[in-house]
>>> print(open('structure-v7.csv').read())   # CSV, C-alpha atoms and all ligand atoms
chain,number,residue,atom,x,y,z
A,2,MET,CA,-42.3,10.0,-17.8
A,3,VAL,CA,-42.3,6.5,-16.4
A,4,GLN,CA,-45.4,4.5,-16.6
A,5,LEU,CA,-45.6,1.2,-14.7
A,6,SER,CA,-48.3,-1.5,-14.5
A,7,GLY,CA,-48.5,-5.1,-13.5
A,8,ILE,CA,-50.6,-8.2,-14.1
A,9,THR,CA,-51.0,-10.8,-11.4
A,10,PRO,CA,-50.7,-14.4,-12.6
A,11,SER,CA,-53.6,-15.7,-10.5
A,12,GLY,CA,-54.9,-17.6,-13.5
A,13,HIS,CA,-54.5,-17.7,-17.3
A,14,ALA,CA,-54.7,-14.3,-19.1
A,15,GLN,CA,-58.1,-13.7,-20.5
A,16,LEU,CA,-59.7,-11.5,-23.2
A,17,GLY,CA,-60.5,-8.7,-20.7
A,18,ASN,CA,-56.8,-8.5,-19.6
A,19,TYR,CA,-55.8,-8.3,-23.2
A,20,LEU,CA,-58.3,-5.7,-24.4
A,21,GLY,CA,-58.2,-3.6,-21.2
A,22,ALA,CA,-54.5,-3.7,-20.4
A,23,LEU,CA,-52.0,-5.7,-22.5
A,24,ARG,CA,-53.0,-4.4,-25.9
A,25,ARG,CA,-52.8,-0.9,-24.6
A,26,TRP,CA,-49.4,-1.4,-22.9
A,27,ALA,CA,-48.1,-2.6,-26.3
A,28,ALA,CA,-49.6,0.3,-28.2
A,29,ASP,CA,-48.7,3.3,-26.0
A,30,GLY,CA,-45.7,2.2,-24.0
A,31,GLY,CA,-43.0,4.9,-24.0
A,32,PRO,CA,-39.3,4.1,-23.9
A,33,ASP,CA,-39.0,4.3,-20.1
A,34,ASP,CA,-42.2,2.5,-19.2
A,35,LEU,CA,-42.1,-0.8,-17.4
A,36,TYR,CA,-44.6,-3.6,-17.2
A,37,PHE,CA,-44.4,-6.6,-15.1
A,38,VAL,CA,-45.8,-10.0,-14.1
A,39,SER,CA,-46.7,-9.5,-10.4
A,40,ASP,CA,-46.2,-13.1,-9.3
A,41,LEU,CA,-45.6,-12.2,-5.7
A,42,HIS,CA,-49.1,-10.8,-5.5
A,43,ALA,CA,-50.5,-14.2,-6.5
A,44,MET,CA,-49.6,-15.6,-3.1
A,45,THR,CA,-52.0,-13.8,-0.8
A,46,THR,CA,-54.4,-16.7,-0.8
A,47,ALA,CA,-53.8,-20.5,-0.9
A,48,HIS,CA,-51.6,-21.1,-3.9
A,49,ASN,CA,-49.8,-24.0,-5.7
A,50,PRO,CA,-46.1,-23.3,-6.2
A,51,ALA,CA,-45.7,-25.2,-9.5
A,52,ARG,CA,-48.8,-23.6,-10.9
A,53,LEU,CA,-47.6,-20.2,-9.9
A,54,ARG,CA,-44.3,-20.7,-11.5
A,55,SER,CA,-45.8,-21.9,-14.8
A,56,LEU,CA,-48.5,-19.2,-14.9
A,57,ALA,CA,-45.8,-16.5,-14.4
A,58,THR,CA,-43.7,-17.9,-17.3
A,59,GLU,CA,-46.8,-18.1,-19.4
A,60,GLN,CA,-47.9,-14.6,-18.6
A,61,LEU,CA,-44.4,-13.2,-19.5
A,62,ALA,CA,-44.7,-15.0,-22.9
A,63,VAL,CA,-48.2,-13.6,-23.4
A,64,LEU,CA,-47.0,-10.1,-22.8
A,65,VAL,CA,-44.2,-10.4,-25.3
A,66,ALA,CA,-46.5,-12.0,-27.9
A,67,ALA,CA,-49.0,-9.2,-27.3
A,68,GLY,CA,-46.4,-6.8,-28.5
A,69,VAL,CA,-45.1,-5.3,-25.2
A,70,ALA,CA,-41.4,-4.5,-25.9
A,71,PRO,CA,-39.3,-7.1,-24.1
A,72,GLU,CA,-37.0,-4.5,-22.8
A,73,ARG,CA,-39.8,-3.0,-20.8
A,74,LEU,CA,-40.8,-6.2,-19.1
A,75,PHE,CA,-39.8,-8.0,-16.0
A,76,VAL,CA,-41.0,-10.6,-13.5
A,77,GLN,CA,-41.6,-9.3,-10.0
A,78,SER,CA,-40.0,-12.1,-8.1
A,79,ASP,CA,-36.7,-11.4,-9.9
A,80,LEU,CA,-36.6,-8.2,-7.9
A,81,VAL,CA,-37.6,-9.8,-4.6
A,82,ARG,CA,-34.6,-8.6,-2.7
A,83,GLU,CA,-35.1,-5.0,-3.6
A,84,LEU,CA,-38.9,-5.2,-3.2
A,85,GLY,CA,-38.8,-7.2,0.0
A,86,ALA,CA,-36.5,-4.6,1.6
A,87,LEU,CA,-38.5,-1.7,0.4
A,88,THR,CA,-41.8,-3.3,1.5
A,89,TRP,CA,-40.5,-3.5,5.0
A,90,VAL,CA,-39.4,0.1,5.0
A,91,LEU,CA,-42.8,1.1,3.7
A,92,GLU,CA,-44.7,-1.0,6.2
A,93,CYS,CA,-42.8,1.0,8.8
A,94,THR,CA,-44.2,4.1,7.1
A,95,CYS,CA,-47.8,2.9,7.0
A,96,ALA,CA,-50.4,2.8,9.7
A,97,TYR,CA,-52.3,-0.5,10.3
A,98,GLY,CA,-55.6,1.4,9.8
A,99,GLU,CA,-54.5,2.6,6.4
A,100,ALA,CA,-54.0,-0.9,5.2
A,101,ALA,CA,-57.1,-2.3,7.0
A,102,ARG,CA,-59.4,0.2,5.3
A,103,MET,CA,-58.5,-0.9,1.8
A,104,ILE,CA,-61.9,-1.9,0.2
A,105,GLN,CA,-60.3,-4.8,-1.6
A,106,PHE,CA,-59.0,-6.2,1.7
A,107,LYS,CA,-62.3,-5.8,3.4
A,108,GLU,CA,-64.2,-7.5,0.6
A,109,LYS,CA,-61.7,-10.3,0.1
A,110,SER,CA,-61.1,-11.0,3.8
A,111,ALA,CA,-64.9,-11.1,4.3
A,112,ALA,CA,-65.4,-13.5,1.4
A,113,ARG,CA,-62.5,-15.7,2.5
A,114,SER,CA,-63.3,-15.8,6.2
A,115,THR,CA,-65.8,-18.6,5.4
A,116,SER,CA,-63.5,-20.5,3.1
A,117,VAL,CA,-60.9,-23.3,3.6
A,118,GLU,CA,-58.3,-21.3,5.3
A,119,GLY,CA,-61.1,-20.5,7.8
A,120,GLY,CA,-60.8,-18.9,11.1
A,121,GLY,CA,-62.7,-15.7,10.3
A,122,GLN,CA,-60.8,-12.6,9.2
A,123,ALA,CA,-58.0,-13.7,11.6
A,124,GLY,CA,-57.5,-16.7,9.4
A,125,VAL,CA,-56.6,-14.9,6.1
A,126,ARG,CA,-53.0,-14.5,5.1
A,127,LEU,CA,-51.3,-11.4,6.6
A,128,SER,CA,-50.1,-10.7,3.0
A,129,LEU,CA,-53.7,-10.1,2.0
A,130,LEU,CA,-53.6,-7.1,4.3
A,131,THR,CA,-50.1,-5.9,3.4
A,132,TYR,CA,-50.2,-6.5,-0.3
A,133,PRO,CA,-51.0,-2.9,-1.2
A,134,VAL,CA,-47.7,-2.0,0.6
A,135,LEU,CA,-45.8,-4.4,-1.7
A,136,MET,CA,-47.7,-2.7,-4.6
A,137,ALA,CA,-46.5,0.6,-3.3
A,138,ALA,CA,-43.0,-0.8,-3.3
A,139,ASP,CA,-43.4,-1.9,-6.9
A,140,ILE,CA,-44.4,1.6,-7.9
A,141,LEU,CA,-42.0,3.6,-5.8
A,142,ALA,CA,-38.9,1.4,-6.4
A,143,VAL,CA,-38.8,2.2,-10.1
A,144,GLY,CA,-39.8,5.8,-9.7
A,145,ALA,CA,-43.0,5.5,-11.7
A,146,ASP,CA,-45.0,8.7,-12.1
A,147,GLU,CA,-48.0,7.2,-13.9
A,148,VAL,CA,-49.8,4.0,-13.0
A,149,PRO,CA,-52.6,2.9,-15.3
A,150,VAL,CA,-54.9,0.6,-13.4
A,151,GLY,CA,-58.6,-0.3,-13.2
A,152,GLU,CA,-61.0,1.3,-10.8
A,153,ASP,CA,-60.4,-1.5,-8.2
A,154,GLN,CA,-56.7,-0.6,-7.9
A,155,ARG,CA,-57.1,3.1,-7.6
A,156,GLN,CA,-57.2,3.1,-3.8
A,157,HIS,CA,-53.9,1.2,-3.7
A,158,VAL,CA,-52.2,3.8,-5.9
A,159,GLU,CA,-53.5,6.4,-3.5
A,160,LEU,CA,-51.8,4.6,-0.7
A,161,ALA,CA,-48.6,4.5,-2.6
A,162,ARG,CA,-48.9,8.3,-3.0
A,163,THR,CA,-49.5,8.8,0.7
A,164,LEU,CA,-46.5,6.6,1.6
A,165,ALA,CA,-44.2,8.4,-0.9
A,166,ARG,CA,-45.2,11.8,0.5
A,167,ARG,CA,-44.9,10.7,4.1
A,168,PHE,CA,-41.5,9.1,3.5
A,169,ASN,CA,-40.1,12.1,1.6
A,170,SER,CA,-41.2,14.6,4.3
A,171,THR,CA,-40.1,12.4,7.2
A,172,TYR,CA,-36.7,11.2,6.0
A,173,GLY,CA,-35.9,13.1,2.8
A,174,GLU,CA,-36.8,13.2,-0.9
A,175,VAL,CA,-36.3,9.8,-2.4
A,176,PHE,CA,-39.6,8.9,-4.1
A,177,VAL,CA,-41.5,10.2,-7.1
A,178,VAL,CA,-45.1,10.7,-6.0
A,179,PRO,CA,-47.1,8.6,-8.5
A,180,GLU,CA,-50.5,9.1,-10.0
A,181,ALA,CA,-53.2,6.6,-11.0
A,182,THR,CA,-54.4,7.0,-14.6
A,183,LEU,CA,-57.6,5.3,-15.5
A,184,PRO,CA,-57.6,3.6,-18.8
A,185,PRO,CA,-60.3,5.0,-21.1
A,186,ALA,CA,-63.6,3.4,-20.7
A,187,GLY,CA,-64.7,1.0,-23.4
A,188,ALA,CA,-63.2,-2.4,-23.3
A,189,ARG,CA,-64.7,-3.4,-19.9
A,190,VAL,CA,-65.2,-7.0,-20.8
A,191,ARG,CA,-67.7,-9.0,-18.8
A,192,ASP,CA,-68.1,-12.7,-18.2
A,193,LEU,CA,-70.0,-14.2,-21.1
A,194,ALA,CA,-72.1,-16.5,-18.8
A,195,GLU,CA,-72.6,-13.9,-16.1
A,196,PRO,CA,-72.5,-10.6,-17.8
A,197,THR,CA,-73.1,-8.6,-14.6
A,198,ARG,CA,-69.6,-9.6,-13.5
A,199,LYS,CA,-66.2,-8.6,-14.9
A,200,MET,CA,-64.4,-11.3,-16.9
A,201,SER,CA,-61.8,-12.7,-14.5
A,202,LYS,CA,-58.9,-15.0,-14.9
A,203,SER,CA,-59.6,-16.4,-11.4
A,204,ALA,CA,-63.3,-17.0,-11.9
A,205,GLU,CA,-64.6,-20.3,-10.4
A,206,ASN,CA,-66.5,-21.2,-13.5
A,207,SER,CA,-64.6,-20.6,-16.7
A,208,ALA,CA,-67.6,-21.2,-19.1
A,209,GLY,CA,-67.9,-17.4,-19.7
A,210,VAL,CA,-64.2,-16.6,-19.7
A,211,VAL,CA,-62.3,-16.5,-23.0
A,212,PHE,CA,-58.7,-17.2,-22.3
A,213,VAL,CA,-56.0,-15.8,-24.6
A,214,LEU,CA,-54.7,-19.3,-25.2
A,215,ASP,CA,-58.1,-20.9,-25.9
A,216,GLU,CA,-58.3,-22.8,-29.2
A,217,PRO,CA,-60.5,-21.1,-31.8
A,218,ASP,CA,-63.3,-23.6,-31.5
A,219,GLN,CA,-63.3,-23.3,-27.7
A,220,ILE,CA,-63.7,-19.5,-28.2
A,221,ARG,CA,-66.5,-20.1,-30.7
A,222,ARG,CA,-68.3,-22.4,-28.3
A,223,LYS,CA,-68.1,-20.0,-25.4
A,224,VAL,CA,-69.3,-17.1,-27.5
A,225,ARG,CA,-72.2,-19.2,-28.9
A,226,ARG,CA,-73.3,-20.0,-25.3
A,227,ALA,CA,-73.0,-16.4,-24.1
A,228,ARG,CA,-76.0,-15.1,-22.3
A,229,THR,CA,-78.0,-12.6,-24.3
A,230,ASP,CA,-80.8,-11.6,-21.9
A,231,GLY,CA,-83.7,-13.1,-23.7
A,232,ASP,CA,-85.0,-10.4,-26.0
A,233,SER,CA,-85.6,-10.9,-29.6
A,234,ALA,CA,-83.0,-8.7,-31.3
A,235,PRO,CA,-79.6,-7.3,-30.4
A,236,VAL,CA,-79.8,-3.8,-28.8
A,237,TYR,CA,-77.0,-1.9,-27.1
A,238,ASP,CA,-78.2,-1.1,-23.6
A,239,PRO,CA,-75.5,-2.0,-21.0
A,240,GLU,CA,-77.8,-1.3,-18.1
A,241,ASN,CA,-80.7,-3.5,-19.0
A,242,ARG,CA,-79.2,-5.8,-21.5
A,243,PRO,CA,-75.7,-6.5,-20.1
A,244,GLY,CA,-75.2,-9.8,-22.0
A,245,VAL,CA,-75.8,-8.6,-25.6
A,246,SER,CA,-74.2,-5.2,-24.9
A,247,ASN,CA,-71.0,-7.0,-23.7
A,248,LEU,CA,-70.9,-8.9,-27.0
A,249,LEU,CA,-71.3,-5.7,-28.9
A,250,ASP,CA,-68.5,-4.0,-26.8
A,251,ILE,CA,-66.2,-7.0,-27.5
A,252,LEU,CA,-67.0,-6.8,-31.2
A,253,ALA,CA,-66.3,-3.1,-31.3
A,254,ALA,CA,-63.0,-3.5,-29.3
A,255,CYS,CA,-61.8,-6.3,-31.7
A,256,ALA,CA,-63.1,-5.2,-35.1
A,257,GLY,CA,-63.7,-1.5,-34.6
A,258,GLY,CA,-67.0,0.4,-34.8
A,259,ASP,CA,-69.4,1.8,-32.4
A,260,PRO,CA,-71.3,-0.8,-30.3
A,261,ALA,CA,-74.7,0.9,-30.6
A,262,GLN,CA,-74.4,1.1,-34.4
A,263,LEU,CA,-73.2,-2.4,-34.6
A,264,ALA,CA,-76.4,-3.6,-33.0
A,265,ASP,CA,-78.3,-2.4,-36.0
A,266,LYS,CA,-76.1,-4.3,-38.4
A,267,TYR,CA,-76.8,-7.7,-36.7
A,268,PRO,CA,-80.5,-8.6,-36.8
A,269,SER,CA,-80.2,-11.8,-34.9
A,270,TYR,CA,-78.1,-13.3,-32.1
A,271,GLY,CA,-76.8,-16.1,-34.2
A,272,VAL,CA,-75.3,-13.7,-36.8
A,273,LEU,CA,-74.0,-11.4,-34.1
A,274,LYS,CA,-72.4,-14.3,-32.1
A,275,ASP,CA,-70.7,-15.6,-35.3
A,276,ALA,CA,-69.2,-12.2,-36.0
A,277,VAL,CA,-68.0,-11.8,-32.3
A,278,ALA,CA,-66.4,-15.2,-32.4
A,279,ASP,CA,-64.7,-14.5,-35.7
A,280,ALA,CA,-63.4,-11.1,-34.5
A,281,VAL,CA,-62.1,-12.5,-31.1
A,282,ILE,CA,-60.4,-15.5,-32.8
A,283,GLU,CA,-58.7,-13.2,-35.3
A,284,GLU,CA,-57.7,-10.7,-32.6
A,285,LEU,CA,-56.2,-13.3,-30.4
A,286,ARG,CA,-54.6,-15.5,-33.1
A,287,PRO,CA,-51.2,-13.8,-33.3
A,288,VAL,CA,-51.0,-13.5,-29.5
A,289,ARG,CA,-51.8,-17.2,-29.0
A,290,ASP,CA,-49.4,-18.3,-31.8
A,291,GLY,CA,-46.7,-16.1,-30.5
A,292,THR,CA,-47.1,-17.3,-26.9
A,293,LEU,CA,-47.0,-20.9,-27.9
A,294,ALA,CA,-43.9,-20.4,-30.0
A,295,LEU,CA,-42.2,-18.6,-27.1
A,296,LEU,CA,-43.2,-21.3,-24.6
A,297,ASP,CA,-41.5,-23.8,-27.0
A,298,ASP,CA,-38.3,-21.7,-27.1
A,299,VAL,CA,-37.3,-21.9,-23.4
A,300,GLY,CA,-33.9,-20.3,-24.1
A,301,GLU,CA,-35.3,-17.2,-25.7
A,302,LEU,CA,-37.8,-16.7,-22.9
A,303,GLU,CA,-35.1,-17.1,-20.3
A,304,ARG,CA,-33.0,-14.6,-22.0
A,305,ILE,CA,-35.8,-12.0,-22.1
A,306,ARG,CA,-36.5,-12.7,-18.4
A,307,LYS,CA,-32.9,-12.3,-17.4
A,308,ALA,CA,-32.3,-9.1,-19.3
A,309,GLY,CA,-35.6,-7.7,-17.9
A,310,ALA,CA,-34.6,-8.5,-14.4
A,311,GLU,CA,-31.2,-6.8,-14.8
A,312,ARG,CA,-32.7,-3.7,-16.3
A,313,ALA,CA,-35.4,-3.4,-13.6
A,314,THR,CA,-32.9,-4.0,-10.8
A,315,GLU,CA,-30.7,-1.2,-12.2
A,316,ARG,CA,-33.7,1.1,-12.3
A,317,SER,CA,-34.7,0.4,-8.7
A,318,ALA,CA,-31.6,-0.6,-6.6
A,319,HIS,CA,-30.3,2.9,-6.0
A,320,ARG,CA,-33.7,4.1,-4.7
A,321,VAL,CA,-34.1,1.2,-2.4
A,322,SER,CA,-30.5,1.7,-1.1
A,323,ALA,CA,-31.2,5.4,-0.5
A,324,ALA,CA,-34.4,4.7,1.4
A,325,LEU,CA,-32.6,2.1,3.6
A,326,ARG,CA,-29.9,4.6,4.3
A,327,MET,CA,-32.3,7.4,5.1
A,328,VAL,CA,-34.3,5.3,7.7
A,329,GLY,CA,-31.0,4.4,9.4
A,330,ALA,CA,-31.0,0.8,8.3
A,331,ALA,CA,-27.8,0.9,6.3
B,401,LIG,N1,-52.5,-5.4,-7.9
B,401,LIG,C1,-52.6,-5.2,-9.4
B,401,LIG,C2,-53.8,-6.0,-9.8
B,401,LIG,O1,-54.3,-6.9,-9.2
B,401,LIG,C3,-51.4,-5.6,-10.1
B,401,LIG,C4,-50.2,-4.8,-9.6
B,401,LIG,C5,-49.3,-5.2,-8.7
B,401,LIG,C6,-49.8,-3.5,-10.0
B,401,LIG,N2,-48.3,-4.2,-8.5
B,401,LIG,C7,-48.7,-3.2,-9.3
B,401,LIG,C8,-50.4,-2.6,-10.9
B,401,LIG,C9,-48.0,-2.0,-9.4
B,401,LIG,C10,-49.8,-1.4,-11.0
B,401,LIG,C11,-48.6,-1.0,-10.3
B,401,LIG,O2,-54.3,-5.7,-10.9
>>> encode(input="structure-v7.csv", output="structure tokens", more="lines below")
Ligand code: TRP
Amino acid sequence: MVQLSGITPSGHAQLGNYLGALRRWAADGGPDDLYFVSDLHAMTTAHNPARLRSLATEQLAVLVAAGVAPERLFVQSDLVRELGALTWVLECTCAYGEAARMIQFKEKSAARSTSVEGGGQAGVRLSLLTYPVLMAADILAVGADEVPVGEDQRQHVELARTLARRFNSTYGEVFVVPEATLPPAGARVRDLAEPTRKMSKSAENSAGVVFVLDEPDQIRRKVRRARTDGDSAPVYDPENRPGVSNLLDILAACAGGDPAQLADKYPSYGVLKDAVADAVIEELRPVRDGTLALLDDVGELERIRKAGAERATERSAHRVSAALRMVGAA
């Protein structure tokens, strides 16, 4: 079994990424699994090249420090030749309408049409439309059969399935048909300042976002300022009390226990927030320390990156060559 998943360096890794994905990749990764920093996906909207490069390096270090085995890791742009070629082949397998109906494209292009790049939907980068096809190439190139992703990425994995089947039946069997696996519910971390929203590394306002590399007192400050929905005592009720319920979820994810029962243990917000801050600081401490140490050891990080690139290329080059051959392009 090959499991593959990626994290896009569109910002600094945050607590939700760690609890919802990275920590799980570290814990249940099998020997053939692959995890990667999807830096090419961070270019679908206006981006800064130097920042992208440094965020990709940082993200790789965070993954290693989080305990994902270095031999299962790679950076997507190191495979740009294979993935670029396969993306083209898959674009030639995909209908325009299939890409245009992706919910994320519709939402993001609608939101961006009033932004700086302007020009209505016609002004967004073409890659915002085609990025699910690159994602399909990520998945199909390495022969992944399981793709653990959040709900928002499910439709993209469906597209990868459709394209794999269509390619195989049109040109011949090359691709494994992948399946999306939803991570177990639980650690769905919300923004501390706006608990109706998911915590996000690319949020405009980072007051409610705990970054993996935040210093302990920054974490404490953010947790102390978290919104708690006004009522007098902590209660676990995600629907009506999203703020305090988020804190209880975070506490449970970091220190163990059941969020509803934890509510009874903490009679006041002050005590609860201190406990949450302590638990988050302790949970992130080794990841933060390990990341900073790796970022200081450029040689070691380079070595990990290079070895990862070689292994991932080896795992995908033959499939990409076969696909090119079968479409008559080699
Ligand atoms: N698009 C995914 C996200 O935004 C990241 C990603 C890119 C990915 N390629 C992938 C995830 C391939 C799984 C498999 O979260």
>>> closest_atom_pairs(input="structure-v7.csv", of="chain A", to="ligand LIG 401 (chain B)", cutoff="7 Å", atoms="only C-alpha atoms and all ligand atoms", output="JSON lines")
{"residue": "A:Leu5", "atom": "CA", "partner": "B:LIG401", "partner_atom": "C11", "distance": 5.8}
{"residue": "A:Ser6", "atom": "CA", "partner": "B:LIG401", "partner_atom": "C10", "distance": 3.8}
{"residue": "A:Gly7", "atom": "CA", "partner": "B:LIG401", "partner_atom": "C6", "distance": 4.1}
{"residue": "A:Ile8", "atom": "CA", "partner": "B:LIG401", "partner_atom": "C3", "distance": 4.8}
{"residue": "A:Thr9", "atom": "CA", "partner": "B:LIG401", "partner_atom": "C3", "distance": 5.4}
{"residue": "A:Ser39", "atom": "CA", "partner": "B:LIG401", "partner_atom": "C5", "distance": 5.3}
{"residue": "A:His42", "atom": "CA", "partner": "B:LIG401", "partner_atom": "C5", "distance": 6.5}
{"residue": "A:Met136", "atom": "CA", "partner": "B:LIG401", "partner_atom": "N2", "distance": 4.2}
{"residue": "A:Ala137", "atom": "CA", "partner": "B:LIG401", "partner_atom": "C9", "distance": 6.8}
{"residue": "A:Asp139", "atom": "CA", "partner": "B:LIG401", "partner_atom": "C9", "distance": 5.2}
{"residue": "A:Ile140", "atom": "CA", "partner": "B:LIG401", "partner_atom": "C9", "distance": 5.3}
{"residue": "A:Val148", "atom": "CA", "partner": "B:LIG401", "partner_atom": "C10", "distance": 5.8}
{"residue": "A:Pro149", "atom": "CA", "partner": "B:LIG401", "partner_atom": "C10", "distance": 6.7}
{"residue": "A:Val150", "atom": "CA", "partner": "B:LIG401", "partner_atom": "C10", "distance": 6.0}
{"residue": "A:Gln154", "atom": "CA", "partner": "B:LIG401", "partner_atom": "C1", "distance": 6.3}
>>> closest_residue(input="structure-v7.csv", among="A:Ala253, A:Val3, A:Ala308, A:Val281", to="Glu180 of chain A", atoms="only C-alpha atoms")
A:Val3
>>> closest_residue(input="structure-v7.csv", among="A:Leu273, A:Leu53, A:Leu129, A:Ala161", to="Asp40 of chain A", atoms="only C-alpha atoms")
A:Leu53
>>> closest_residue(input="structure-v7.csv", among="A:Arg102, A:Pro268, A:Glu83, A:Pro184", to="Asp29 of chain A", atoms="all atoms listed in the file")
A:Pro184
>>> closest_residue(input="structure-v7.csv", among="A:Gly231, A:Cys255, A:Arg242, A:Gln4", to="Ala181 of chain A", atoms="all atoms listed in the file")
A:Gln4
>>> residues_around(input="structure-v7.csv", residues="Leu56 of chain A", least_positions_apart="4", cutoff="8 Å", atoms="all atoms listed in the file", output="list in words")
Pro10, Ser11, Gly12, His13, Arg52 and Gln60 of chain A
>>> write_last_selection(input="structure-v7.csv", atoms="C-alpha atoms", output="PDB file, in the coordinates of the input")
ATOM      1  CA  PRO A  10     -50.700 -14.400 -12.600  1.00  0.00           C
ATOM      2  CA  SER A  11     -53.600 -15.700 -10.500  1.00  0.00           C
ATOM      3  CA  GLY A  12     -54.900 -17.600 -13.500  1.00  0.00           C
ATOM      4  CA  HIS A  13     -54.500 -17.700 -17.300  1.00  0.00           C
ATOM      5  CA  ARG A  52     -48.800 -23.600 -10.900  1.00  0.00           C
ATOM      6  CA  GLN A  60     -47.900 -14.600 -18.600  1.00  0.00           C
TER       7      GLN A  60
END
>>> atom_distance(input="structure-v7.csv", atom1="atom CA of Tyr270 of chain A", atom2="atom CA of Ala194 of chain A")
14.9 Å
>>> atom_distance(input="structure-v7.csv", atom1="atom CA of Leu295 of chain A", atom2="atom CA of Asp33 of chain A")
24.2 Å
>>> closest_residue(input="structure-v7.csv", among="A:Asn247, A:Thr314, A:Ser110, A:Gln219", to="Lys199 of chain A", atoms="all atoms listed in the file")
A:Asn247
>>> closest_residue(input="structure-v7.csv", among="A:Leu16, A:Leu135, A:Ala313, A:Met2", to="Ala280 of chain A", atoms="all atoms listed in the file")
A:Leu16
>>> atom_distance(input="structure-v7.csv", atom1="atom CA of Leu91 of chain A", atom2="atom CA of Asn18 of chain A")
28.8 Å
>>> residues_near_point(input="structure-v7.csv", point="(-75.8, -2.9, -36.7)", cutoff="12 Å", atoms="all atoms listed in the file", output="list in words")
Ala234, Pro235, Val236, Tyr237, Leu249, Leu252, Ala253, Gly258, Asp259, Pro260, Ala261, Gln262, Leu263, Ala264, Asp265, Lys266, Tyr267, Pro268, Ser269, Tyr270, Val272, Leu273 and Ala276 of chain A
>>> write_last_selection(input="structure-v7.csv", atoms="C-alpha atoms", output="PDB file, in the coordinates of the input")
ATOM      1  CA  ALA A 234     -83.000  -8.700 -31.300  1.00  0.00           C
ATOM      2  CA  PRO A 235     -79.600  -7.300 -30.400  1.00  0.00           C
ATOM      3  CA  VAL A 236     -79.800  -3.800 -28.800  1.00  0.00           C
ATOM      4  CA  TYR A 237     -77.000  -1.900 -27.100  1.00  0.00           C
ATOM      5  CA  LEU A 249     -71.300  -5.700 -28.900  1.00  0.00           C
ATOM      6  CA  LEU A 252     -67.000  -6.800 -31.200  1.00  0.00           C
ATOM      7  CA  ALA A 253     -66.300  -3.100 -31.300  1.00  0.00           C
ATOM      8  CA  GLY A 258     -67.000   0.400 -34.800  1.00  0.00           C
ATOM      9  CA  ASP A 259     -69.400   1.800 -32.400  1.00  0.00           C
ATOM     10  CA  PRO A 260     -71.300  -0.800 -30.300  1.00  0.00           C
ATOM     11  CA  ALA A 261     -74.700   0.900 -30.600  1.00  0.00           C
ATOM     12  CA  GLN A 262     -74.400   1.100 -34.400  1.00  0.00           C
ATOM     13  CA  LEU A 263     -73.200  -2.400 -34.600  1.00  0.00           C
ATOM     14  CA  ALA A 264     -76.400  -3.600 -33.000  1.00  0.00           C
ATOM     15  CA  ASP A 265     -78.300  -2.400 -36.000  1.00  0.00           C
ATOM     16  CA  LYS A 266     -76.100  -4.300 -38.400  1.00  0.00           C
ATOM     17  CA  TYR A 267     -76.800  -7.700 -36.700  1.00  0.00           C
ATOM     18  CA  PRO A 268     -80.500  -8.600 -36.800  1.00  0.00           C
ATOM     19  CA  SER A 269     -80.200 -11.800 -34.900  1.00  0.00           C
ATOM     20  CA  TYR A 270     -78.100 -13.300 -32.100  1.00  0.00           C
ATOM     21  CA  VAL A 272     -75.300 -13.700 -36.800  1.00  0.00           C
ATOM     22  CA  LEU A 273     -74.000 -11.400 -34.100  1.00  0.00           C
ATOM     23  CA  ALA A 276     -69.200 -12.200 -36.000  1.00  0.00           C
TER      24      ALA A 276
END
>>> residues_around(input="structure-v7.csv", residues="Ala310 of chain A", least_positions_apart="3", cutoff="8 Å", atoms="all atoms listed in the file", output="PDB file with C-alpha atoms, in the frame of the given file")
ATOM      1  CA  PHE A  75     -39.800  -8.000 -16.000  1.00  0.00           C
ATOM      2  CA  VAL A  76     -41.000 -10.600 -13.500  1.00  0.00           C
ATOM      3  CA  ASP A  79     -36.700 -11.400  -9.900  1.00  0.00           C
ATOM      4  CA  LEU A  80     -36.600  -8.200  -7.900  1.00  0.00           C
ATOM      5  CA  ARG A 306     -36.500 -12.700 -18.400  1.00  0.00           C
ATOM      6  CA  LYS A 307     -32.900 -12.300 -17.400  1.00  0.00           C
ATOM      7  CA  ALA A 313     -35.400  -3.400 -13.600  1.00  0.00           C
ATOM      8  CA  THR A 314     -32.900  -4.000 -10.800  1.00  0.00           C
TER       9      THR A 314
END
>>> residues_around(input="structure-v7.csv", residues="segment 203-218 of chain A", least_positions_apart="2", cutoff="9 Å", atoms="all atoms listed in the file", output="VMD selection string")
chain A and resid 11 to 19 63 191 to 196 200 to 201 220 to 224 226 to 228 278 to 279 281 to 283 285 to 286 288 to 290 292 to 293
>>> residues_around(input="structure-v7.csv", residues="segment 164-176 of chain A", least_positions_apart="5", cutoff="12 Å", atoms="only C-alpha atoms", output="number ranges by chain")
A: 87-88, 90-96, 99-100, 133-146, 157-159, 317, 319-329
